[in-house]
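Visitor: My structure is stored as data_21.cif, with mmCIF, C-alpha atoms.
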```
data_coords
loop_
_atom_site.label_atom_id
_atom_site.label_comp_id
_atom_site.auth_asym_id
_atom_site.auth_seq_id
_atom_site.Cartn_x
_atom_site.Cartn_y
_atom_site.Cartn_z
CA MET D 1 15.64 191.96 159.35
CA SER D 2 15.76 192.50 163.11
CA ASP D 3 16.22 189.58 165.44
CA ARG D 4 16.05 191.38 168.78
CA LEU D 5 13.55 193.67 170.44
CA LEU D 6 14.43 195.71 173.52
CA ALA D 7 11.40 196.27 175.75
CA ALA D 8 11.95 198.91 178.44
CA THR D 9 9.37 198.64 181.20
CA ARG D 10 8.50 200.01 184.58
CA LYS D 11 10.03 196.94 186.19
CA GLY D 12 13.00 196.05 184.05
CA LEU D 13 14.35 195.43 180.58
CA PHE D 14 13.25 192.44 178.52
CA VAL D 15 15.24 191.34 175.48
CA PHE D 16 13.14 189.46 172.94
CA GLU D 17 14.65 187.19 170.30
CA ARG D 18 13.05 186.24 167.00
CA LYS D 19 13.16 182.69 165.68
CA GLY D 20 11.37 182.58 162.36
CA ALA D 21 8.17 184.52 162.97
CA GLU D 22 8.10 183.89 166.74
CA TRP D 23 9.35 186.31 169.36
CA ALA D 24 10.19 185.18 172.89
CA ILE D 25 12.03 186.60 175.90
CA ARG D 26 15.72 185.68 175.70
CA SER D 27 16.96 187.56 178.74
CA HIS D 28 16.04 190.24 181.24
CA ALA D 29 17.91 192.79 183.31
CA PHE D 30 17.27 195.39 186.02
CA LEU D 31 14.24 193.48 187.36
CA GLY D 32 12.24 195.78 189.62
CA ASP D 33 13.82 198.98 188.32
CA PRO D 34 12.18 201.43 185.90
CA VAL D 35 13.90 201.42 182.50
CA SER D 36 12.82 204.49 180.55
CA LEU D 37 14.50 203.58 177.27
CA ALA D 38 16.69 200.89 175.72
CA VAL D 39 18.37 201.34 172.34
CA GLN D 40 21.13 199.87 170.19
CA ASP D 41 23.85 201.81 168.40
CA PRO D 42 23.45 200.53 164.83
CA HIS D 43 27.13 201.18 164.10
CA SER D 44 28.80 199.47 167.04
CA GLY D 45 26.02 197.11 168.10
CA ARG D 46 26.35 198.34 171.70
CA CYS D 47 23.07 198.46 173.62
CA TYR D 48 22.16 201.20 176.08
CA ALA D 49 19.60 201.05 178.91
CA ALA D 50 18.48 204.22 180.69
CA LEU D 51 17.25 203.68 184.23
CA LYS D 52 15.10 206.02 186.27
CA LEU D 53 15.66 204.84 189.81
CA GLY D 54 12.97 206.23 192.07
CA HIS D 55 15.31 207.16 194.91
CA PHE D 56 18.73 207.22 193.35
CA GLY D 57 18.32 209.11 190.08
CA VAL D 58 18.96 208.48 186.40
CA LYS D 59 21.61 205.94 185.37
CA LEU D 60 22.87 204.67 182.05
CA HIS D 61 24.13 201.14 181.41
CA VAL D 62 25.75 199.56 178.35
CA SER D 63 25.91 196.02 176.99
CA ASP D 64 28.32 194.76 174.35
CA ASP D 65 26.76 191.31 174.04
CA GLY D 66 23.22 192.09 172.92
CA GLY D 67 21.77 192.65 176.37
CA GLU D 68 23.13 189.65 178.27
CA HIS D 69 25.51 191.58 180.53
CA TRP D 70 25.46 195.25 181.52
CA ARG D 71 27.76 197.76 183.18
CA GLU D 72 27.10 201.30 184.31
CA THR D 73 28.59 204.11 182.26
CA GLY D 74 28.52 207.91 182.34
CA CYS D 75 25.20 209.69 182.48
CA PRO D 76 24.01 213.09 181.23
CA ALA D 77 23.94 215.67 184.02
CA PHE D 78 23.42 219.41 184.13
CA PRO D 79 26.43 221.56 185.02
CA LYS D 80 26.47 222.71 188.63
CA SER D 81 24.92 226.15 188.97
CA GLU D 82 24.36 228.60 191.77
CA GLU D 83 21.00 229.60 190.29
CA LYS D 84 17.93 228.91 192.37
CA ASP D 85 16.02 225.88 191.05
CA ALA D 86 19.00 224.77 188.92
CA PRO D 87 17.94 221.59 187.13
CA SER D 88 18.83 217.94 187.39
CA VAL D 89 18.19 215.30 184.75
CA LEU D 90 14.98 213.53 185.75
CA GLU D 91 14.82 210.98 182.92
CA ILE D 92 16.60 210.04 179.69
CA TRP D 93 13.73 210.21 177.20
CA ALA D 94 15.49 209.99 173.83
CA MET D 95 18.75 208.58 172.50
CA GLU D 96 19.96 208.62 168.91
CA PHE D 97 23.30 207.79 167.32
CA GLY D 98 25.26 210.14 165.09
CA ALA D 99 27.41 209.21 162.11
CA GLY D 100 30.72 209.44 163.99
CA LYS D 101 32.02 206.61 166.14
CA GLY D 102 30.67 206.94 169.67
CA SER D 103 28.43 209.90 168.79
CA ILE D 104 25.24 209.88 170.87
CA TRP D 105 22.51 212.46 171.37
CA ALA D 106 20.34 212.26 174.49
CA GLY D 107 17.15 214.17 175.24
CA THR D 108 16.02 214.43 178.84
CA ILE D 109 13.16 215.39 181.09
CA GLY D 110 14.57 218.49 182.64
CA GLY D 111 14.81 219.87 179.11
CA GLY D 112 18.52 219.38 178.47
CA LEU D 113 19.93 218.04 175.23
CA PHE D 114 23.22 216.24 175.75
CA LYS D 115 25.91 214.88 173.46
CA SER D 116 28.54 212.22 173.94
CA ASN D 117 31.42 211.63 171.56
CA ASP D 118 32.91 208.65 173.39
CA GLY D 119 30.12 206.10 173.40
CA GLY D 120 28.48 207.42 176.57
CA GLU D 121 31.44 207.66 178.93
CA SER D 122 31.13 211.46 179.13
CA TRP D 123 28.38 213.93 178.21
CA SER D 124 28.05 217.65 177.54
CA LEU D 125 24.98 219.88 177.69
CA LEU D 126 24.30 221.60 174.35
CA GLU D 127 24.19 225.12 175.64
CA GLY D 128 23.05 226.72 172.38
CA LEU D 129 19.63 225.17 172.93
CA TRP D 130 19.61 225.48 176.72
CA ASN D 131 20.44 229.19 176.57
CA HIS D 132 18.03 230.02 173.73
CA PRO D 133 15.59 232.65 175.09
CA ASP D 134 12.55 230.78 173.74
CA ARG D 135 13.60 227.65 175.66
CA LYS D 136 12.50 229.35 178.86
CA ARG D 137 8.89 229.20 177.61
CA TRP D 138 8.90 225.40 177.64
CA PHE D 139 6.87 223.67 180.34
CA GLY D 140 6.19 220.13 181.47
CA GLY D 141 3.32 218.20 179.92
CA GLY D 142 2.40 215.43 182.34
CA ASN D 143 5.87 215.67 183.89
CA GLU D 144 7.19 218.21 186.34
CA ALA D 145 9.63 219.60 183.77
CA PRO D 146 9.70 219.82 179.97
CA GLY D 147 11.28 216.91 178.13
CA ILE D 148 13.02 216.25 174.82
CA HIS D 149 11.58 212.94 173.68
CA SER D 150 12.28 212.75 169.94
CA ILE D 151 15.57 213.37 168.12
CA CYS D 152 15.82 212.94 164.34
CA LEU D 153 19.26 213.02 162.71
CA ASP D 154 19.10 213.74 158.99
CA PRO D 155 20.61 210.70 157.23
CA ARG D 156 21.90 213.02 154.47
CA ASP D 157 23.65 215.40 156.86
CA ALA D 158 24.26 214.49 160.50
CA ARG D 159 24.74 218.18 161.38
CA HIS D 160 21.02 218.68 160.71
CA VAL D 161 19.08 217.77 163.86
CA THR D 162 15.33 218.00 164.42
CA LEU D 163 13.86 217.37 167.85
CA ALA D 164 10.54 217.58 169.65
CA VAL D 165 9.75 218.76 173.16
CA SER D 166 6.74 218.30 175.45
CA CYS D 167 5.83 221.08 175.82
CA GLY D 168 8.20 223.13 173.69
CA GLY D 169 7.45 222.36 170.04
CA VAL D 170 9.73 221.23 167.23
CA TRP D 171 13.27 222.64 167.00
CA GLN D 172 16.01 222.40 164.40
CA SER D 173 19.74 222.90 164.20
CA GLU D 174 21.79 222.77 161.01
CA ASP D 175 25.20 223.12 162.67
CA GLU D 176 25.32 220.00 164.84
CA GLY D 177 23.56 221.59 167.75
CA LEU D 178 25.35 224.92 168.08
CA THR D 179 22.38 227.11 167.12
CA TRP D 180 18.65 226.36 167.16
CA ARG D 181 15.32 227.71 166.01
CA PRO D 182 11.75 226.61 166.72
CA THR D 183 10.00 225.22 163.63
CA SER D 184 6.47 224.39 164.73
CA LYS D 185 4.67 226.62 162.20
CA GLY D 186 1.25 225.17 161.44
CA MET D 187 0.73 223.49 164.81
CA TYR D 188 -1.81 224.75 167.30
CA ALA D 189 -2.34 224.23 171.02
CA GLU D 190 -5.94 224.08 172.24
CA PHE D 191 -4.67 223.94 175.82
CA MET D 192 -3.34 227.52 175.64
CA PRO D 193 -5.06 230.93 175.79
CA PRO D 194 -6.14 232.07 172.29
CA ASP D 195 -3.25 234.48 171.78
CA ARG D 196 -0.70 231.78 172.56
CA ARG D 197 -2.40 229.05 170.51
CA GLU D 198 0.17 229.12 167.71
CA ASP D 199 3.23 229.94 169.82
CA PRO D 200 5.88 227.63 168.31
CA ALA D 201 7.77 227.18 171.59
CA ILE D 202 4.87 225.82 173.68
CA GLN D 203 3.43 223.19 171.32
CA ASP D 204 3.06 219.64 172.62
CA PRO D 205 4.27 217.21 169.97
CA HIS D 206 3.97 213.81 171.64
CA CYS D 207 6.22 212.06 169.14
CA LEU D 208 8.22 213.04 166.03
CA VAL D 209 9.52 210.65 163.36
CA GLN D 210 11.41 211.16 160.10
CA CYS D 211 11.38 208.94 157.00
CA GLN D 212 14.91 207.57 156.60
CA THR D 213 14.95 207.54 152.80
CA ARG D 214 12.90 210.75 152.39
CA PRO D 215 14.08 212.87 155.33
CA GLU D 216 12.09 215.91 154.19
CA SER D 217 9.00 213.96 155.24
CA LEU D 218 8.21 213.96 158.97
CA TRP D 219 5.18 213.07 161.08
CA VAL D 220 4.08 214.25 164.51
CA GLN D 221 1.44 212.90 166.85
CA HIS D 222 0.62 216.11 168.70
CA HIS D 223 -1.57 216.59 171.76
CA ASN D 224 -4.14 218.27 169.49
CA GLY D 225 -3.89 216.07 166.42
CA VAL D 226 -1.69 214.58 163.74
CA PHE D 227 0.65 216.84 161.74
CA ARG D 228 2.83 216.20 158.74
CA SER D 229 5.66 218.11 157.12
CA THR D 230 6.96 217.55 153.60
CA ASP D 231 9.49 220.38 153.68
CA GLY D 232 11.93 219.15 156.29
CA ALA D 233 9.90 220.31 159.32
CA LYS D 234 9.88 223.95 158.26
CA THR D 235 6.08 223.96 158.14
CA TRP D 236 3.38 221.56 159.28
CA HIS D 237 -0.15 220.80 158.16
CA GLU D 238 -2.80 218.99 160.14
CA VAL D 239 -3.93 215.56 159.00
CA THR D 240 -7.62 215.48 159.86
CA ALA D 241 -8.57 212.09 158.37
CA ILE D 242 -7.09 210.18 161.35
CA ARG D 243 -9.65 208.00 163.14
CA PRO D 244 -11.12 206.87 165.50
CA SER D 245 -9.60 209.89 167.30
CA LYS D 246 -6.92 212.47 166.72
CA PHE D 247 -5.33 212.10 170.17
CA GLY D 248 -2.57 209.64 170.93
CA PHE D 249 1.10 209.35 171.75
CA PRO D 250 3.16 207.30 169.28
CA VAL D 251 3.75 207.47 165.55
CA ALA D 252 5.93 205.33 163.27
CA VAL D 253 6.80 205.98 159.62
CA HIS D 254 7.94 203.39 157.10
CA PRO D 255 11.68 203.83 156.46
CA ASN D 256 11.22 203.60 152.68
CA ASN D 257 7.74 205.05 152.19
CA PRO D 258 7.13 208.54 153.55
CA ASP D 259 3.37 208.24 152.92
CA ARG D 260 2.91 205.23 155.18
CA ALA D 261 2.60 205.88 158.91
CA TRP D 262 1.01 204.21 161.92
CA PHE D 263 -0.70 205.69 164.99
CA VAL D 264 -2.45 204.30 168.09
CA PRO D 265 -5.36 206.68 168.81
CA ALA D 266 -6.83 207.15 172.27
CA VAL D 267 -9.46 209.27 174.03
CA LYS D 268 -8.26 212.80 174.79
CA ASP D 269 -7.25 214.54 177.03
CA GLU D 270 -6.77 213.17 180.50
CA CYS D 271 -8.86 210.05 179.88
CA ARG D 272 -6.18 208.30 177.82
CA ILE D 273 -7.79 204.95 177.12
CA PRO D 274 -8.63 203.28 173.79
CA VAL D 275 -11.74 204.60 172.05
CA GLU D 276 -14.71 202.43 173.10
CA GLY D 277 -12.34 200.03 174.89
CA ALA D 278 -10.92 198.67 171.63
CA VAL D 279 -7.19 198.73 170.87
CA VAL D 280 -6.67 199.73 167.24
CA VAL D 281 -3.86 200.90 165.00
CA ALA D 282 -4.58 203.64 162.46
CA ARG D 283 -2.54 203.38 159.26
CA THR D 284 -2.26 205.72 156.34
CA SER D 285 -0.60 204.71 153.08
CA ASP D 286 -1.34 207.89 151.13
CA GLY D 287 0.32 210.58 153.18
CA GLY D 288 -2.64 211.08 155.51
CA ARG D 289 -5.49 211.55 153.02
CA THR D 290 -7.14 208.33 154.25
CA PHE D 291 -6.67 205.94 157.15
CA GLU D 292 -7.41 202.29 157.74
CA VAL D 293 -8.30 201.18 161.28
CA LEU D 294 -6.52 197.86 161.91
CA ARG D 295 -7.96 195.59 164.59
CA GLU D 296 -7.10 191.95 163.80
CA GLY D 297 -5.38 190.32 166.76
CA LEU D 298 -5.97 193.30 169.06
CA PRO D 299 -8.50 193.22 171.94
CA GLN D 300 -11.82 194.81 170.97
CA ARG D 301 -13.82 194.71 174.21
CA HIS D 302 -13.01 196.23 177.59
CA ALA D 303 -9.37 196.84 176.74
CA TYR D 304 -7.74 199.77 178.50
CA ASP D 305 -4.23 199.54 177.14
CA LEU D 306 -2.51 202.84 176.47
CA VAL D 307 0.46 202.84 174.10
CA LEU D 308 3.02 205.42 175.19
CA ARG D 309 5.04 207.56 172.75
CA HIS D 310 8.03 205.24 172.50
CA ALA D 311 6.06 202.00 172.57
CA LEU D 312 5.31 201.72 168.83
CA ALA D 313 8.40 200.57 166.94
CA ILE D 314 9.26 199.70 163.36
CA ASP D 315 12.48 197.97 162.37
CA ARG D 316 15.04 199.45 160.00
CA ALA D 317 13.83 197.36 157.07
CA GLY D 318 10.19 198.28 157.62
CA SER D 319 9.32 194.58 158.02
CA TRP D 320 8.34 194.28 161.69
CA LEU D 321 6.15 196.48 163.84
CA ALA D 322 5.71 196.19 167.60
CA ILE D 323 3.36 197.87 170.04
CA GLY D 324 3.52 197.62 173.81
CA SER D 325 0.99 198.87 176.32
CA THR D 326 0.76 200.20 179.82
CA SER D 327 -1.10 196.97 180.64
CA GLY D 328 1.99 194.91 179.77
CA HIS D 329 0.81 193.54 176.44
CA LEU D 330 3.27 193.26 173.55
CA TRP D 331 1.99 192.69 170.03
CA MET D 332 4.02 192.09 166.85
CA SER D 333 3.10 192.36 163.18
CA ASP D 334 5.08 191.28 160.12
CA ASP D 335 2.44 192.37 157.57
CA GLN D 336 2.46 196.15 158.00
CA GLY D 337 -0.02 196.04 160.87
CA GLU D 338 -2.79 194.03 159.15
CA ARG D 339 -2.61 191.32 161.83
CA TRP D 340 -1.11 191.40 165.32
CA ARG D 341 0.08 188.54 167.50
CA PHE D 342 1.07 188.47 171.16
CA ALA D 343 4.74 188.21 171.99
CA ALA D 344 4.01 188.68 175.70
CA GLU D 345 0.89 189.22 177.78
CA HIS D 346 2.07 189.86 181.30
CA LEU D 347 4.95 192.28 181.18
CA PRO D 348 5.18 195.30 183.48
CA PRO D 349 3.88 198.56 181.95
CA ILE D 350 5.84 199.07 178.72
CA TYR D 351 7.62 202.40 178.31
CA ALA D 352 9.62 201.92 175.12
CA LEU D 353 10.32 199.40 172.35
CA ARG D 354 13.26 199.38 169.96
CA PHE D 355 14.37 196.76 167.44
CA ALA D 356 17.98 195.63 167.43
CA GLN D 357 20.27 193.16 165.71
CA LEU D 358 22.93 190.88 167.11
CA MET B 1 36.21 209.16 212.60
CA VAL B 2 32.55 208.48 211.96
CA ARG B 3 30.84 205.33 210.78
CA VAL B 4 28.93 205.62 207.47
CA ALA B 5 26.30 203.02 206.58
CA PHE B 6 24.10 202.84 203.49
CA THR B 7 20.67 201.39 202.90
CA PRO B 8 20.87 197.78 201.69
CA ASN B 9 18.78 198.85 198.69
CA LEU B 10 21.80 200.69 197.32
CA ARG B 11 23.78 197.44 197.29
CA ARG B 12 21.53 196.21 194.51
CA HIS B 13 23.16 198.85 192.32
CA LEU B 14 26.76 199.15 193.49
CA PRO B 15 29.05 198.09 196.34
CA CYS B 16 28.71 200.34 199.36
CA PRO B 17 29.86 198.61 202.54
CA THR B 18 29.78 200.32 205.92
CA VAL B 19 33.00 202.32 206.26
CA GLU B 20 34.85 204.63 208.59
CA ALA B 21 35.38 208.17 207.33
CA THR B 22 36.61 211.53 208.50
CA GLY B 23 34.96 214.92 208.04
CA ARG B 24 33.76 217.91 210.00
CA THR B 25 30.36 217.77 208.27
CA VAL B 26 28.11 215.16 206.70
CA ALA B 27 29.08 216.40 203.24
CA GLU B 28 32.79 216.08 204.01
CA ALA B 29 32.44 212.58 205.38
CA LEU B 30 30.43 211.50 202.35
CA ASN B 31 32.96 213.12 200.01
CA ALA B 32 35.63 210.96 201.63
CA VAL B 33 33.53 207.89 200.88
CA TYR B 34 32.90 208.97 197.26
CA SER B 35 36.64 209.22 196.68
CA ASP B 36 36.81 205.44 196.96
CA GLN B 37 33.53 204.81 195.15
CA THR B 38 32.97 207.57 192.63
CA ARG B 39 29.70 206.23 191.21
CA LEU B 40 28.09 206.33 194.64
CA ARG B 41 28.01 210.12 194.56
CA SER B 42 25.32 210.32 191.87
CA TYR B 43 23.11 207.90 193.82
CA VAL B 44 23.09 210.17 196.87
CA LEU B 45 23.35 213.63 195.29
CA ASP B 46 21.60 215.16 192.28
CA ASP B 47 23.23 217.15 189.43
CA GLN B 48 23.43 220.21 191.68
CA SER B 49 25.10 218.32 194.53
CA HIS B 50 21.93 218.55 196.60
CA LEU B 51 20.73 215.54 198.54
CA ARG B 52 18.33 213.61 196.28
CA ARG B 53 14.72 214.32 197.09
CA HIS B 54 14.00 210.74 198.17
CA VAL B 55 17.23 210.14 200.08
CA VAL B 56 17.47 210.93 203.77
CA ILE B 57 20.42 211.04 206.15
CA TYR B 58 20.44 210.34 209.87
CA ILE B 59 23.16 211.09 212.41
CA ASN B 60 22.66 208.50 215.08
CA ASN B 61 18.84 208.73 215.40
CA GLN B 62 18.27 212.26 214.12
CA LYS B 63 17.37 213.20 210.57
CA THR B 64 19.88 215.71 209.29
CA GLY B 65 21.32 217.50 206.27
CA LEU B 66 24.57 217.66 204.38
CA GLU B 67 25.88 220.69 206.28
CA SER B 68 25.38 219.27 209.76
CA SER B 69 28.45 218.96 211.96
CA LEU B 70 29.82 215.60 212.98
CA ALA B 71 31.37 214.50 216.27
CA GLU B 72 33.87 211.74 216.83
CA GLY B 73 32.09 208.38 216.93
CA ASP B 74 28.89 209.54 215.20
CA GLU B 75 27.02 206.99 213.16
CA LEU B 76 25.78 208.23 209.80
CA TYR B 77 22.99 206.41 207.94
CA VAL B 78 22.14 207.11 204.28
CA MET B 79 18.62 205.83 203.73
CA GLN B 80 15.89 206.03 201.11
CA ALA B 81 12.35 207.15 201.75
CA LEU B 82 9.79 204.36 201.48
CA SER B 83 7.55 204.43 198.46
CA GLY B 84 5.02 202.19 196.82
CA GLY B 85 4.70 200.58 193.39
#
```
Represent the structure from my file as structure tokens, please.

Guide:
Amino acid sequence: MSDRLLAATRKGLFVFERKGAEWAIRSHAFLGDPVSLAVQDPHSGRCYAALKLGHFGVKLHVSDDGGEHWRETGCPAFPKSEEKDAPSVLEIWAMEFGAGKGSIWAGTIGGGLFKSNDGGESWSLLEGLWNHPDRKRWFGGGNEAPGIHSICLDPRDARHVTLAVSCGGVWQSEDEGLTWRPTSKGMYAEFMPPDRREDPAIQDPHCLVQCQTRPESLWVQHHNGVFRSTDGAKTWHEVTAIRPSKFGFPVAVHPNNPDRAWFVPAVKDECRIPVEGAVVVARTSDGGRTFEVLREGLPQRHAYDLVLRHALAIDRAGSWLAIGSTSGHLWMSDDQGERWRFAAEHLPPIYALRFAQL
Amino acid sequence: MVRVAFTPNLRRHLPCPTVEATGRTVAEALNAVYSDQTRLRSYVLDDQSHLRRHVVIYINNQKTGLESSLAEGDELYVMQALSGG
């Protein structure tokens, strides 16, 4: 069971520690600086914090003592190019850890997928994806450039990678990132002209997750609804029973139960506040046929908390859930989302939550 | 030789004392500084070695660019644009 929670916020990183059923801030770092993501390598225990400094660019820091002390390390960057409008990394939006020692995948706003094989000291752009002709159809959704925000590494075969892009759809590689194909079949984009509605390379999946013990089962919270795949992301079907709305950003799936998933619905499109001012979590336990709307412990009147795509987390055992909001509220649940309790009420806007262990 | 000074806000992230450097252009003088502090480069320049959008450089009291020429005794300031939040 996890005993740490890394909360990346607009104004710093907060490391929470669990004692029994209580979570409290143990330490903080980078106060005043935007931290887009903080994650722990489950193999080495090393923690990573991605900073998005307003003036000075994207930086990556590592900690080998559970978040107490940090040092700057290498950072993904695009190769220098003479092309007009050649890109720069604008934000590290996803990090996942491969099976090999020091193997890290990083997705960025800017649209580049990067790989490190030395624990983050050096990075390489995966050119097979960058140079794919369909990649040029990607565009930014709410950001000035497209971004890779979700990376799923198949626990049965680390060469099999599935990722999601806003706005660029779902993509897969079966050769450790050398070659790629879009696999968004079944998704639709209401924000596009009718003839482009089902274009696989312009879909806007807000978040993609994969069941760890049943990797053929994946879930997506998409701009236009909830989608599920039971064939390893080859095809997708819409889950229409979600309520109170089909719009939202995050999704979490139970690591041992592919039919159980959680969502935090909001009002679409640009409004982006809880439906009727009530923060709720929608949970399905039957693969999306039905949903329960969970409210206990969450504010139900005049609450305008938005939960961003990386701010709903489940631990590796499937025991703890956490949600963090743009209003700086952090709630925890140890009963599958039935009841929620505050861990913090006055944090900066929360960008991302990840469980960790020390 | 020119004098190169950095905004105090950069010192929150890494050491960057005021130094003397040589170079015919702003870019050359800054490159000389990066050789002693390699991490500083990515704070001033983006992936394409362009000046970051929210970083500005002054020679003496004039806003300038990386390719501007330097004269002996110039004072170079690397500053950040002000922003809210």

Visitor: If the cut-off is 10 Å, can you tell me the residues of chain D near chain B, counting all atoms listed in the file? I'd like them as a ChimeraX atom specification.

Guide: /D:10-11,30,32,53-59,72-83,85-90

Visitor: Show me the residues around (15.7, 220.2, 177.3) - criterion: an atom at most 9 Å away, all atoms listed in the file counted - as a list in words.

Guide: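 Residues with an atom close enough to that point: Gly107, Thr108, Ile109, Gly110, Gly111, Gly112, Leu113, Phe114, Leu129, Trp130, Arg135, Trp138, Ala145, Pro146, Gly147, Ile148, Val165 and Gly168 of chain D.
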
Visitor: Name every residue that the PyMOL selection byres ((chain D and resi 203-214) around 6) selects in this structure, writing the answer as a CSV table (one decimal) with C-alpha atoms, in the frame of the given file with chains first and numbers rising.

Guide:
```
chain,number,residue,atom,x,y,z
D,150,SER,CA,12.3,212.8,169.9
D,166,SER,CA,6.7,218.3,175.4
D,167,CYS,CA,5.8,221.1,175.8
D,168,GLY,CA,8.2,223.1,173.7
D,169,GLY,CA,7.4,222.4,170.0
D,189,ALA,CA,-2.3,224.2,171.0
D,200,PRO,CA,5.9,227.6,168.3
D,201,ALA,CA,7.8,227.2,171.6
D,202,ILE,CA,4.9,225.8,173.7
D,215,PRO,CA,14.1,212.9,155.3
D,216,GLU,CA,12.1,215.9,154.2
D,217,SER,CA,9.0,214.0,155.2
D,218,LEU,CA,8.2,214.0,159.0
D,219,TRP,CA,5.2,213.1,161.1
D,220,VAL,CA,4.1,214.2,164.5
D,221,GLN,CA,1.4,212.9,166.8
D,222,HIS,CA,0.6,216.1,168.7
D,223,HIS,CA,-1.6,216.6,171.8
D,249,PHE,CA,1.1,209.4,171.8
D,250,PRO,CA,3.2,207.3,169.3
D,255,PRO,CA,11.7,203.8,156.5
D,256,ASN,CA,11.2,203.6,152.7
D,258,PRO,CA,7.1,208.5,153.6
D,309,ARG,CA,5.0,207.6,172.8
```

Visitor: Determine the residue set returned by the PyMOL selection byres ((chain B and resi 19) around 10) for the present structure, and present it as a PyMOL selection string.

Guide: chain B and resi 1-6+16-18+20-21+33+76

Visitor: Would you work out the distance separating CA of Ala313 in chain D from CA of Val253 in chain D, expressed in Å to one decimal?

Guide: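 Between CA of Ala313 in chain D and CA of Val253 in chain D the gap is 9.2 Å.
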
Visitor: Would you kindly translate the PyMOL selection byres ((chain D and resi 288) around 8) into the concrete residues it picks from this file, as a VMD selection string?

Guide: chain D and resid 239 to 242 259 284 to 287 289 to 291

Visitor: Between B:Thr25, B:Arg11, B:Tyr77, B:Leu30, which residue has the minimum interatomic distance to Ile57 in chain B, considering all atoms listed in the file?

Guide: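 Among B:Thr25, B:Arg11, B:Tyr77, B:Leu30, it is B:Tyr77 that comes nearest to Ile57 in chain B.
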
Visitor: Can you measure CA of His61 in chain D to CA of Arg46 in chain D for me? One decimal in Å is fine.

Guide: 10.3 Å

Visitor: Could you check which of D:Pro34, D:Pro193, D:Gly140, D:Pro299 is closest to Ile92 in chain D, using all atoms listed in the file?

Guide: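 Checking each of D:Pro34, D:Pro193, D:Gly140, D:Pro299 against Ile92 in chain D, counting all atoms listed in the file, the winner is D:Pro34.
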
Visitor: Expressed in Å to a single decimal, how great is the separation between CA of Gly100 in chain D and CA of Ala322 in chain D?

Guide: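 Separating CA of Gly100 in chain D from CA of Ala322 in chain D is a distance of 28.5 Å.
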
Visitor: Please provide as an MDAnalysis selection string all residues within 9 Å of Trp105 in chain D, with the sequence filter that same-chain residues fewer than 6 positions apart are discarded (counting all atoms listed in the file).

Guide: chainID D and resid 94:98 113:117 151

Visitor: Find the residues near Glu174 in chain D: any atom within 10 Å, counting all atoms listed in the file, skip ones fewer than 4 places away on the same chain, and give them as a list in words.

Guide: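 The contact residues come out as Asp154, Asp157, Ala158, Arg159, His160, Val161, Thr162, Leu178, Thr179, Trp180 and Arg181 of chain D.
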
Visitor: Write the residues of the selection above to a file with C-alpha atoms, as a PDB file, in the frame of the given file.

Guide:
```pdb
ATOM      1  CA  ASP D 154      19.100 213.740 158.990  1.00  0.00           C
ATOM      2  CA  ASP D 157      23.650 215.400 156.860  1.00  0.00           C
ATOM      3  CA  ALA D 158      24.260 214.490 160.500  1.00  0.00           C
ATOM      4  CA  ARG D 159      24.740 218.180 161.380  1.00  0.00           C
ATOM      5  CA  HIS D 160      21.020 218.680 160.710  1.00  0.00           C
ATOM      6  CA  VAL D 161      19.080 217.770 163.860  1.00  0.00           C
ATOM      7  CA  THR D 162      15.330 218.000 164.420  1.00  0.00           C
ATOM      8  CA  LEU D 178      25.350 224.920 168.080  1.00  0.00           C
ATOM      9  CA  THR D 179      22.380 227.110 167.120  1.00  0.00           C
ATOM     10  CA  TRP D 180      18.650 226.360 167.160  1.00  0.00           C
ATOM     11  CA  ARG D 181      15.320 227.710 166.010  1.00  0.00           C
TER      12      ARG D 181
END
```

Visitor: My list of candidates is D:Gly67, D:Pro348, D:Gly248, D:Gly337. Which is closest to Leu294 in chain D when distances are computed with all atoms listed in the file?

Guide: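 Selected residue with least distance to Leu294 in chain D: D:Gly337.
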
Visitor: Select, from B:Pro8, B:Gly73, B:Pro15, B:Gly65, the residue with the minimum atom-to-atom distance to Ala27 in chain B, counting all atoms listed in the file.

Guide: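 Among B:Pro8, B:Gly73, B:Pro15, B:Gly65, it is B:Gly65 that comes nearest to Ala27 in chain B.
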